[in-house]
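Before any comments, here is the structure.
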Amino acid sequence: MKILVINAGSSSLKYQLIDMDDESVKAKGLVERIGIEGTHFKQTVPGTDKVIEFTRNMAAHTEAIAAVLDALIDKDNGAIASLDEIGACGHRVLHGGETFSASALITDETMKEIEALIPLGPLHQRPNIAGIRACQEVMPTKPNVAVFDTSFHQTMPPKAFLYGVPYEYYTDLKVRRYGFHGTSHRFIAGEAPKLLGMDPKHCKLIICHLGNGSSLSAIVDGKVVDTSMGLTPLEGVLMGTRSGDVDPAVLEYIMDNTGMDIHQMLNTLNKKSGFAGMSCSSDMRDVKAAAEQGDKQAQNALDVWCYRLQKYIGAYNVAVGGADAIVFTAGIGENDTDSCAKVIEGLAFMGVKVDPQKNKRGVAAVISTDDSTIKVLRIPTNEELLIARDTLEIVSKL
Ligand code: AMP
C-alpha cells in the first residue's frame, strides 16, 4: 500500500508518497504561499530527474491537495499511474492534548476532539485540520489518520509535566507541559537501541532533536519521562528563532518599556529570538560563519546554545538515572559534527567522549570513544516514515 503523508502549515503543505512494501519514497513535494499571491509548487521523484514545478495562485489547502494529486499521477513526471494506488493519508497534527496518547483514525468524533484542542496551538492546529478536511473533500473514500506531535510525551509523570502554578490552571484550563517533535523522538527511540544492540525495553536515552526548532527528551525503556518543550514549543533550549527558557517577568519588563502587547511579545519570542534575535541569522551555518569571521554576537549565541544544551543533557542524565546513550538528530544534530562534539566536550568530566575519527562517519553511527561512559550516537530522523507506519497500522485494521 502507498501512503500519502501530509504536513500542512498555515501557508504551506509538505508531502511524501511512501510505498509501504519497501518504505521507499515515491514522490515528495512542497507547496508554499497557499492563500498568498504566487503559490509555488514543487514535486520531485527520488532516483529520477522528474520534477514538476510551477507558480499558480491557490486560495486554500483544498486546491493545493488537488494539485498534489494531479502531480502524483502526471503522465510524464508523476510517480503513480492512478490515485487508486494511494491507500490512505497520514497527517501530522500538532496537538493531541491529553486526549490522544497515540495516533488516531479520523472520524467525526476524533475530528471534534482535534478541533477542541485548537486553543492549545491555533497557529498549527488550524492548518493541520485544513489539511485533513482538504483530503476528505478531494479523496472522500480514502481513510485519514492523525499522528500527533505531542502523543509520545503523554507518558511523562506529573512531576515532569506540571508547572508550579495554581493547580486549577491545570484542572480547569489544561495548562501543563505537553512536549513536541514526538514523532521524531519516537522514531529515534526505536532506532537507537538497534544501533546499540540493546533491548529497547531496557535502554535509557537522551535524545537531542536539534533543528530550526529543537527539543530534548529523556527516555527510559521506550517511554518519555521528560522533554524540554512545554505547553507550546517555546520552552526549552535555544532555537533558530525561539528563545527557549526565559524568566516570565522579562515579558512584563520588555512590554512596559517598548509598548508591545502580549501578542507582539510572544511573536518576538517565537519568531525573532534564539539565533535570529541574538545574532545575524536563524540558520546555524550562517551563525557559525559569522562567528568564524570574529562576530562577537554570533559567538555569544553559539556559546548560549551550547551551554544550555549541556545543562539540559546533565539534567536529563538525572531524569533517566544514568543514560546509556545521548543521540543527536535533525538538521544540526545530523550534519553539524563540530557543534555536537563541542556540546559533548562540556560533559568530559562525566567520562563522555566523542571520537574525532568516528565523528566523521556518516549518519546512523556511534561517534563516541570505546571507553566513553555514555555512548554518543548520530541518527537521521524520519518523521514522515513514522507517520506512514502508524497510518498503515491503523488502516490495516479497518
Ligand atoms: P531542520 O529544522 O531539522 O531542517 O534543521 C535546520 C537547521 O539545521 C538549520 O539551523 C541549519 O543551519 C542546520 N544545518 C543543516 N545542515 C547543516 C550543516 N551541514 N552544518 C551546520 N548546520 C546545518
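Every chain in the C-alpha cells has a letter given in the order shown (A, B, ...), and although residue numbers restart at 1 in each chain, ligands are simply numbered from 1 in the order shown.
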As a PDB file with N, CA and C atoms, in the first residue's frame, please: every residue in segment 274-385 of chain A that a backbone DSSP assignment puts in alpha helix (DSSP H).
```pdb
ATOM      1  N   GLY A 274      16.084  33.555  19.799  1.00  0.00           N
ATOM      2  CA  GLY A 274      17.026  32.473  19.510  1.00  0.00           C
ATOM      3  C   GLY A 274      18.215  32.996  18.714  1.00  0.00           C
ATOM      4  N   PHE A 275      18.730  32.170  17.810  1.00  0.00           N
ATOM      5  CA  PHE A 275      19.859  32.600  16.964  1.00  0.00           C
ATOM      6  C   PHE A 275      19.524  33.895  16.222  1.00  0.00           C
ATOM      7  N   ALA A 276      18.273  33.962  15.683  1.00  0.00           N
ATOM      8  CA  ALA A 276      17.888  35.122  14.864  1.00  0.00           C
ATOM      9  C   ALA A 276      17.942  36.417  15.664  1.00  0.00           C
ATOM     10  N   GLY A 277      17.515  36.355  16.925  1.00  0.00           N
ATOM     11  CA  GLY A 277      17.491  37.560  17.748  1.00  0.00           C
ATOM     12  C   GLY A 277      18.843  37.910  18.320  1.00  0.00           C
ATOM     13  N   MET A 278      19.611  36.884  18.662  1.00  0.00           N
ATOM     14  CA  MET A 278      20.900  37.122  19.315  1.00  0.00           C
ATOM     15  C   MET A 278      22.005  37.456  18.322  1.00  0.00           C
ATOM     16  N   MET A 284      21.988  27.938  11.653  1.00  0.00           N
ATOM     17  CA  MET A 284      23.247  27.597  12.323  1.00  0.00           C
ATOM     18  C   MET A 284      24.467  27.840  11.426  1.00  0.00           C
ATOM     19  N   ARG A 285      24.337  27.518  10.125  1.00  0.00           N
ATOM     20  CA  ARG A 285      25.500  27.678   9.223  1.00  0.00           C
ATOM     21  C   ARG A 285      25.931  29.135   9.122  1.00  0.00           C
ATOM     22  N   ASP A 286      24.947  30.044   9.042  1.00  0.00           N
ATOM     23  CA  ASP A 286      25.269  31.481   8.966  1.00  0.00           C
ATOM     24  C   ASP A 286      25.887  31.965  10.272  1.00  0.00           C
ATOM     25  N   VAL A 287      25.330  31.491  11.396  1.00  0.00           N
ATOM     26  CA  VAL A 287      25.822  31.949  12.700  1.00  0.00           C
ATOM     27  C   VAL A 287      27.275  31.498  12.875  1.00  0.00           C
ATOM     28  N   LYS A 288      27.557  30.244  12.482  1.00  0.00           N
ATOM     29  CA  LYS A 288      28.939  29.743  12.603  1.00  0.00           C
ATOM     30  C   LYS A 288      29.896  30.521  11.693  1.00  0.00           C
ATOM     31  N   ALA A 289      29.431  30.788  10.475  1.00  0.00           N
ATOM     32  CA  ALA A 289      30.291  31.517   9.530  1.00  0.00           C
ATOM     33  C   ALA A 289      30.599  32.907  10.081  1.00  0.00           C
ATOM     34  N   ALA A 290      29.585  33.556  10.667  1.00  0.00           N
ATOM     35  CA  ALA A 290      29.799  34.903  11.221  1.00  0.00           C
ATOM     36  C   ALA A 290      30.760  34.840  12.403  1.00  0.00           C
ATOM     37  N   ALA A 291      30.583  33.825  13.260  1.00  0.00           N
ATOM     38  CA  ALA A 291      31.468  33.694  14.436  1.00  0.00           C
ATOM     39  C   ALA A 291      32.912  33.490  13.978  1.00  0.00           C
ATOM     40  N   GLU A 292      33.082  32.698  12.910  1.00  0.00           N
ATOM     41  CA  GLU A 292      34.441  32.459  12.397  1.00  0.00           C
ATOM     42  C   GLU A 292      35.081  33.747  11.870  1.00  0.00           C
ATOM     43  N   LYS A 296      31.173  38.901  17.393  1.00  0.00           N
ATOM     44  CA  LYS A 296      31.052  38.587  18.820  1.00  0.00           C
ATOM     45  C   LYS A 296      29.642  38.102  19.189  1.00  0.00           C
ATOM     46  N   GLN A 297      28.640  38.784  18.583  1.00  0.00           N
ATOM     47  CA  GLN A 297      27.261  38.402  18.892  1.00  0.00           C
ATOM     48  C   GLN A 297      26.979  36.973  18.436  1.00  0.00           C
ATOM     49  N   ALA A 298      27.486  36.629  17.274  1.00  0.00           N
ATOM     50  CA  ALA A 298      27.287  35.263  16.767  1.00  0.00           C
ATOM     51  C   ALA A 298      27.964  34.266  17.711  1.00  0.00           C
ATOM     52  N   GLN A 299      29.160  34.605  18.183  1.00  0.00           N
ATOM     53  CA  GLN A 299      29.873  33.707  19.098  1.00  0.00           C
ATOM     54  C   GLN A 299      29.103  33.547  20.411  1.00  0.00           C
ATOM     55  N   ASN A 300      28.548  34.659  20.913  1.00  0.00           N
ATOM     56  CA  ASN A 300      27.726  34.597  22.121  1.00  0.00           C
ATOM     57  C   ASN A 300      26.549  33.646  21.932  1.00  0.00           C
ATOM     58  N   ALA A 301      25.884  33.782  20.774  1.00  0.00           N
ATOM     59  CA  ALA A 301      24.715  32.938  20.505  1.00  0.00           C
ATOM     60  C   ALA A 301      25.114  31.465  20.491  1.00  0.00           C
ATOM     61  N   LEU A 302      26.246  31.162  19.859  1.00  0.00           N
ATOM     62  CA  LEU A 302      26.716  29.770  19.819  1.00  0.00           C
ATOM     63  C   LEU A 302      27.036  29.271  21.227  1.00  0.00           C
ATOM     64  N   ASP A 303      27.645  30.144  22.039  1.00  0.00           N
ATOM     65  CA  ASP A 303      28.003  29.748  23.413  1.00  0.00           C
ATOM     66  C   ASP A 303      26.753  29.476  24.251  1.00  0.00           C
ATOM     67  N   VAL A 304      25.736  30.346  24.094  1.00  0.00           N
ATOM     68  CA  VAL A 304      24.479  30.141  24.839  1.00  0.00           C
ATOM     69  C   VAL A 304      23.836  28.824  24.404  1.00  0.00           C
ATOM     70  N   TRP A 305      23.783  28.604  23.087  1.00  0.00           N
ATOM     71  CA  TRP A 305      23.198  27.372  22.521  1.00  0.00           C
ATOM     72  C   TRP A 305      23.865  26.143  23.135  1.00  0.00           C
ATOM     73  N   CYS A 306      25.195  26.157  23.125  1.00  0.00           N
ATOM     74  CA  CYS A 306      25.978  25.003  23.576  1.00  0.00           C
ATOM     75  C   CYS A 306      25.815  24.792  25.096  1.00  0.00           C
ATOM     76  N   TYR A 307      25.937  25.867  25.850  1.00  0.00           N
ATOM     77  CA  TYR A 307      25.881  25.776  27.322  1.00  0.00           C
ATOM     78  C   TYR A 307      24.521  25.283  27.794  1.00  0.00           C
ATOM     79  N   ARG A 308      23.464  25.793  27.177  1.00  0.00           N
ATOM     80  CA  ARG A 308      22.121  25.377  27.591  1.00  0.00           C
ATOM     81  C   ARG A 308      21.866  23.913  27.257  1.00  0.00           C
ATOM     82  N   LEU A 309      22.390  23.481  26.119  1.00  0.00           N
ATOM     83  CA  LEU A 309      22.249  22.063  25.773  1.00  0.00           C
ATOM     84  C   LEU A 309      22.971  21.192  26.794  1.00  0.00           C
ATOM     85  N   GLN A 310      24.177  21.626  27.161  1.00  0.00           N
ATOM     86  CA  GLN A 310      24.941  20.850  28.153  1.00  0.00           C
ATOM     87  C   GLN A 310      24.165  20.748  29.464  1.00  0.00           C
ATOM     88  N   LYS A 311      23.552  21.860  29.882  1.00  0.00           N
ATOM     89  CA  LYS A 311      22.789  21.839  31.139  1.00  0.00           C
ATOM     90  C   LYS A 311      21.587  20.890  31.031  1.00  0.00           C
ATOM     91  N   TYR A 312      20.885  20.931  29.914  1.00  0.00           N
ATOM     92  CA  TYR A 312      19.734  20.042  29.727  1.00  0.00           C
ATOM     93  C   TYR A 312      20.170  18.573  29.715  1.00  0.00           C
ATOM     94  N   ILE A 313      21.290  18.299  29.043  1.00  0.00           N
ATOM     95  CA  ILE A 313      21.755  16.902  28.984  1.00  0.00           C
ATOM     96  C   ILE A 313      22.111  16.432  30.399  1.00  0.00           C
ATOM     97  N   GLY A 314      22.777  17.309  31.179  1.00  0.00           N
ATOM     98  CA  GLY A 314      23.091  16.967  32.567  1.00  0.00           C
ATOM     99  C   GLY A 314      21.825  16.667  33.356  1.00  0.00           C
ATOM    100  N   ALA A 315      20.821  17.518  33.181  1.00  0.00           N
ATOM    101  CA  ALA A 315      19.558  17.335  33.910  1.00  0.00           C
ATOM    102  C   ALA A 315      18.879  16.036  33.475  1.00  0.00           C
ATOM    103  N   TYR A 316      18.920  15.734  32.190  1.00  0.00           N
ATOM    104  CA  TYR A 316      18.229  14.538  31.713  1.00  0.00           C
ATOM    105  C   TYR A 316      18.988  13.259  32.053  1.00  0.00           C
ATOM    106  N   ASN A 317      20.280  13.404  32.312  1.00  0.00           N
ATOM    107  CA  ASN A 317      21.021  12.235  32.808  1.00  0.00           C
ATOM    108  C   ASN A 317      20.497  11.868  34.201  1.00  0.00           C
ATOM    109  N   VAL A 318      20.112  12.895  34.953  1.00  0.00           N
ATOM    110  CA  VAL A 318      19.459  12.656  36.254  1.00  0.00           C
ATOM    111  C   VAL A 318      18.061  12.064  36.018  1.00  0.00           C
ATOM    112  N   ALA A 319      17.314  12.646  35.080  1.00  0.00           N
ATOM    113  CA  ALA A 319      15.928  12.201  34.838  1.00  0.00           C
ATOM    114  C   ALA A 319      15.859  10.716  34.477  1.00  0.00           C
ATOM    115  N   VAL A 320      16.842  10.234  33.696  1.00  0.00           N
ATOM    116  CA  VAL A 320      16.799   8.812  33.290  1.00  0.00           C
ATOM    117  C   VAL A 320      17.562   7.918  34.273  1.00  0.00           C
ATOM    118  N   ALA A 330      18.160  15.498  13.589  1.00  0.00           N
ATOM    119  CA  ALA A 330      17.614  16.687  12.886  1.00  0.00           C
ATOM    120  C   ALA A 330      18.759  17.506  12.263  1.00  0.00           C
ATOM    121  N   GLY A 331      18.405  18.610  11.592  1.00  0.00           N
ATOM    122  CA  GLY A 331      19.349  19.354  10.749  1.00  0.00           C
ATOM    123  C   GLY A 331      20.718  19.575  11.362  1.00  0.00           C
ATOM    124  N   ILE A 332      20.771  20.145  12.566  1.00  0.00           N
ATOM    125  CA  ILE A 332      22.061  20.400  13.209  1.00  0.00           C
ATOM    126  C   ILE A 332      22.631  19.091  13.754  1.00  0.00           C
ATOM    127  N   GLY A 333      21.794  18.297  14.407  1.00  0.00           N
ATOM    128  CA  GLY A 333      22.239  17.047  15.027  1.00  0.00           C
ATOM    129  C   GLY A 333      22.805  16.049  14.031  1.00  0.00           C
ATOM    130  N   GLU A 334      22.260  16.055  12.798  1.00  0.00           N
ATOM    131  CA  GLU A 334      22.714  15.077  11.800  1.00  0.00           C
ATOM    132  C   GLU A 334      23.917  15.567  11.000  1.00  0.00           C
ATOM    133  N   ASN A 335      24.037  16.905  10.886  1.00  0.00           N
ATOM    134  CA  ASN A 335      25.046  17.448   9.957  1.00  0.00           C
ATOM    135  C   ASN A 335      26.198  18.193  10.597  1.00  0.00           C
ATOM    136  N   THR A 337      28.730  18.177  12.799  1.00  0.00           N
ATOM    137  CA  THR A 337      29.532  17.299  13.665  1.00  0.00           C
ATOM    138  C   THR A 337      30.348  18.105  14.684  1.00  0.00           C
ATOM    139  N   ASP A 338      30.851  19.279  14.277  1.00  0.00           N
ATOM    140  CA  ASP A 338      31.679  20.100  15.193  1.00  0.00           C
ATOM    141  C   ASP A 338      30.877  20.583  16.391  1.00  0.00           C
ATOM    142  N   SER A 339      29.690  21.130  16.106  1.00  0.00           N
ATOM    143  CA  SER A 339      28.909  21.718  17.193  1.00  0.00           C
ATOM    144  C   SER A 339      28.468  20.644  18.182  1.00  0.00           C
ATOM    145  N   CYS A 340      28.077  19.473  17.664  1.00  0.00           N
ATOM    146  CA  CYS A 340      27.646  18.392  18.569  1.00  0.00           C
ATOM    147  C   CYS A 340      28.837  17.927  19.408  1.00  0.00           C
ATOM    148  N   ALA A 341      30.038  17.838  18.790  1.00  0.00           N
ATOM    149  CA  ALA A 341      31.234  17.433  19.542  1.00  0.00           C
ATOM    150  C   ALA A 341      31.532  18.445  20.645  1.00  0.00           C
ATOM    151  N   LYS A 342      31.305  19.729  20.334  1.00  0.00           N
ATOM    152  CA  LYS A 342      31.543  20.791  21.321  1.00  0.00           C
ATOM    153  C   LYS A 342      30.599  20.642  22.519  1.00  0.00           C
ATOM    154  N   VAL A 343      29.365  20.294  22.254  1.00  0.00           N
ATOM    155  CA  VAL A 343      28.406  20.075  23.346  1.00  0.00           C
ATOM    156  C   VAL A 343      28.935  18.960  24.252  1.00  0.00           C
ATOM    157  N   ILE A 344      29.416  17.891  23.644  1.00  0.00           N
ATOM    158  CA  ILE A 344      29.889  16.734  24.429  1.00  0.00           C
ATOM    159  C   ILE A 344      31.179  17.071  25.188  1.00  0.00           C
ATOM    160  N   GLU A 345      31.990  17.972  24.634  1.00  0.00           N
ATOM    161  CA  GLU A 345      33.229  18.375  25.348  1.00  0.00           C
ATOM    162  C   GLU A 345      32.928  18.837  26.767  1.00  0.00           C
ATOM    163  N   GLU A 383      10.411  11.554  10.328  1.00  0.00           N
ATOM    164  CA  GLU A 383       9.057  11.716  10.869  1.00  0.00           C
ATOM    165  C   GLU A 383       8.000  11.224   9.873  1.00  0.00           C
ATOM    166  N   GLU A 384       8.253  11.454   8.583  1.00  0.00           N
ATOM    167  CA  GLU A 384       7.262  11.057   7.567  1.00  0.00           C
ATOM    168  C   GLU A 384       7.065   9.536   7.576  1.00  0.00           C
ATOM    169  N   LEU A 385       8.185   8.806   7.711  1.00  0.00           N
ATOM    170  CA  LEU A 385       8.084   7.347   7.697  1.00  0.00           C
ATOM    171  C   LEU A 385       7.282   6.853   8.903  1.00  0.00           C
TER     172      LEU A 385
END
```
Using only C-alpha atoms, which residues of segment 85-164 of chain A come within 6 Å of segment 7-22 of chain A, and what is the closest atom pair for each, with the distance in Å to one decimal? Give it as JSON lines, sorted by chain and residue number.
```
{"residue": "A:Arg92", "atom": "CA", "partner": "A:Asn7", "partner_atom": "CA", "distance": 5.2}
{"residue": "A:Pro127", "atom": "CA", "partner": "A:Ser10", "partner_atom": "CA", "distance": 5.0}
{"residue": "A:Asn128", "atom": "CA", "partner": "A:Ala8", "partner_atom": "CA", "distance": 5.2}
{"residue": "A:Gly131", "atom": "CA", "partner": "A:Ala8", "partner_atom": "CA", "distance": 5.5}
```
How many Å separate atom CA of His209 of chain A from atom CA of Ile326 of chain A?
->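 Spanning atom CA of His209 of chain A to atom CA of Ile326 of chain A is a straight-line distance of 10.8 Å.
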How many Å separate atom CA of Val147 of chain A from atom CA of Glu85 of chain A?
-> 21.5 Å
What lies within 10 Å of Leu117 of chain A using only C-alpha atoms, ignoring chain neighbours under 2 positions off, as a PyMOL selection string?
-> chain A and resi 94-99+112-115+119-122+125-126
Please provide the set of residues having any atom within 6 Å of segment 222-226 of chain A, restricted to only C-alpha atoms, with same-chain residues fewer than 4 positions apart removed, written as a compact mmCIF listing (two decimals) with all heavy atoms, in the first residue's frame.
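See result-v2.txt below for the written result:
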```
# COMPACT_ATOMS: atom_id res chain seq x y z
N HIS A 153 4.82 11.96 24.21
CA HIS A 153 5.24 12.52 25.51
C HIS A 153 4.20 12.34 26.60
O HIS A 153 4.42 12.78 27.73
CB HIS A 153 5.56 14.01 25.35
CG HIS A 153 6.62 14.32 24.35
ND1 HIS A 153 7.91 13.81 24.44
CD2 HIS A 153 6.61 15.06 23.22
CE1 HIS A 153 8.63 14.25 23.41
NE2 HIS A 153 7.87 14.99 22.66
N THR A 155 3.47 9.92 28.30
CA THR A 155 3.91 9.04 29.40
C THR A 155 4.63 9.82 30.51
O THR A 155 4.96 9.24 31.54
CB THR A 155 4.86 7.96 28.86
OG1 THR A 155 5.88 8.61 28.11
CG2 THR A 155 4.14 6.95 28.00
N MET A 156 4.87 11.12 30.29
CA MET A 156 5.57 11.90 31.32
C MET A 156 4.78 11.87 32.63
O MET A 156 3.56 12.01 32.61
CB MET A 156 5.67 13.38 30.89
CG MET A 156 6.88 13.69 30.06
SD MET A 156 7.15 15.48 29.98
CE MET A 156 5.81 16.04 28.98
N ALA A 160 7.01 15.81 36.04
CA ALA A 160 7.68 16.41 34.88
C ALA A 160 6.75 17.34 34.10
O ALA A 160 7.21 18.27 33.45
CB ALA A 160 8.21 15.32 33.95
N PRO A 200 15.15 -2.40 23.58
CA PRO A 200 14.52 -1.09 23.78
C PRO A 200 13.78 -0.98 25.11
O PRO A 200 13.56 0.12 25.62
CB PRO A 200 13.56 -0.94 22.60
CG PRO A 200 13.54 -2.24 21.90
CD PRO A 200 14.71 -3.06 22.34
N LYS A 201 13.40 -2.12 25.67
CA LYS A 201 12.68 -2.10 26.96
C LYS A 201 13.64 -1.93 28.13
O LYS A 201 13.21 -1.82 29.29
CB LYS A 201 11.87 -3.40 27.13
CG LYS A 201 10.75 -3.57 26.12
CD LYS A 201 9.43 -3.05 26.73
CE LYS A 201 8.28 -3.07 25.76
NZ LYS A 201 8.30 -2.03 24.74
N SER A 217 14.56 14.91 24.74
CA SER A 217 13.69 14.05 25.53
C SER A 217 14.53 13.09 26.34
O SER A 217 15.64 12.72 25.94
CB SER A 217 12.71 13.28 24.63
OG SER A 217 13.42 12.37 23.81
N ALA A 218 14.00 12.74 27.51
CA ALA A 218 14.62 11.74 28.38
C ALA A 218 13.75 10.50 28.30
O ALA A 218 12.55 10.56 28.59
CB ALA A 218 14.66 12.28 29.81
```
Check segment 165-367 of chain A with DSSP on the backbone and list each residue it calls strand (DSSP E or B), as a list of chain:residue names.
->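 The strand (DSSP E or B) residues within segment 165-367 of chain A come out as A:Lys204, A:Leu205, A:Ile206, A:Ile207, A:Cys208, A:His209, A:Leu210, A:Ser214, A:Ser215, A:Leu216, A:Ser217, A:Ala218, A:Ile219, A:Val220, A:Lys223, A:Val224, A:Val225, A:Asp226, A:Thr227, A:Ala325, A:Ile326, A:Val327, A:Phe328, A:Thr329, A:Val354, A:Ala365, A:Val366.
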What gap, in Å, lies between atom CA of Ser101 of chain A and atom CA of Leu4 of chain A?
->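 Interatomic distance, atom CA of Ser101 of chain A to atom CA of Leu4 of chain A: 22.4 Å.
Within 7 Å of Leu205 of chain A, once only C-alpha atoms are used and residues closer than 5 positions along the same chain are dropped, the contacting residues are Ala218, Ile219, Val220, Ala323, Asp324, Ala325 and Ile326 of chain A.
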Any idea what's packed within 6 Å of segment 180-189 of chain A, counting only C-alpha atoms, ignoring anything in its chain fewer than 5 positions away? Could you give it as a PyMOL selection string?
-> chain A and resi 149-150+152+381+383
Those selected residues, please, written with N, CA and C atoms and delivered as a PDB file, in the first residue's frame.
```
ATOM      1  N   ASP A 149       2.079  15.438  17.353  1.00  0.00           N
ATOM      2  CA  ASP A 149       3.425  15.809  17.812  1.00  0.00           C
ATOM      3  C   ASP A 149       3.596  15.592  19.312  1.00  0.00           C
ATOM      4  N   THR A 150       2.486  15.594  20.023  1.00  0.00           N
ATOM      5  CA  THR A 150       2.530  15.536  21.491  1.00  0.00           C
ATOM      6  C   THR A 150       2.391  14.134  22.068  1.00  0.00           C
ATOM      7  N   PHE A 152       3.541  11.061  21.983  1.00  0.00           N
ATOM      8  CA  PHE A 152       4.612  10.212  22.529  1.00  0.00           C
ATOM      9  C   PHE A 152       5.008  10.674  23.940  1.00  0.00           C
ATOM     10  N   THR A 381      16.649  11.418  11.547  1.00  0.00           N
ATOM     11  CA  THR A 381      15.244  11.207  11.907  1.00  0.00           C
ATOM     12  C   THR A 381      14.408  11.023  10.651  1.00  0.00           C
ATOM     13  N   GLU A 383      10.411  11.554  10.328  1.00  0.00           N
ATOM     14  CA  GLU A 383       9.057  11.716  10.869  1.00  0.00           C
ATOM     15  C   GLU A 383       8.000  11.224   9.873  1.00  0.00           C
TER      16      GLU A 383
END
```
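Non-sequential neighbours of Thr369 of chain A (distance at most 6 Å, separation of 5 or more positions within a chain, only C-alpha atoms) are A:Lys353, A:Val354, A:Asp355.
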Residue with the minimum atom-to-atom distance to ligand 1, picked from A:Cys135, A:Met239, A:Cys89, A:Cys203 with only C-alpha atoms and all ligand atoms counted, is A:Met239
Smallest atom-to-atom distance to ligand 1: which of A:Val395, A:Ala104, A:Leu210, A:Val363, using only C-alpha atoms and all ligand atoms?
-> A:Leu210
Find the residue from A:Thr329, A:Ser281, A:Thr55, A:Thr141 that sits nearest to Asp84 of chain A; use only C-alpha atoms when measuring.
->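 Looking only at the distances to Asp84 of chain A, the closest residue turns out to be A:Thr141.
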Residue nearest ligand 1 - candidates A:Gly211, A:Pro166, A:Gly351, A:Gly35, atoms counted: only C-alpha atoms and all ligand atoms =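 Of the candidates, the smallest distance to ligand 1 is held by A:Gly211.
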Ligand 1 proximity check over A:Ala116, A:Val246, A:Ala365, A:Leu238, using only C-alpha atoms and all ligand atoms: winner is A:Leu238
Of the candidates A:Asn270, A:Thr107, A:Asn77, A:Ser215, which shows the shortest atom-to-atom distance to ligand 1, using only C-alpha atoms and all ligand atoms?
->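 Of the candidates, the smallest distance to ligand 1 is held by A:Ser215.
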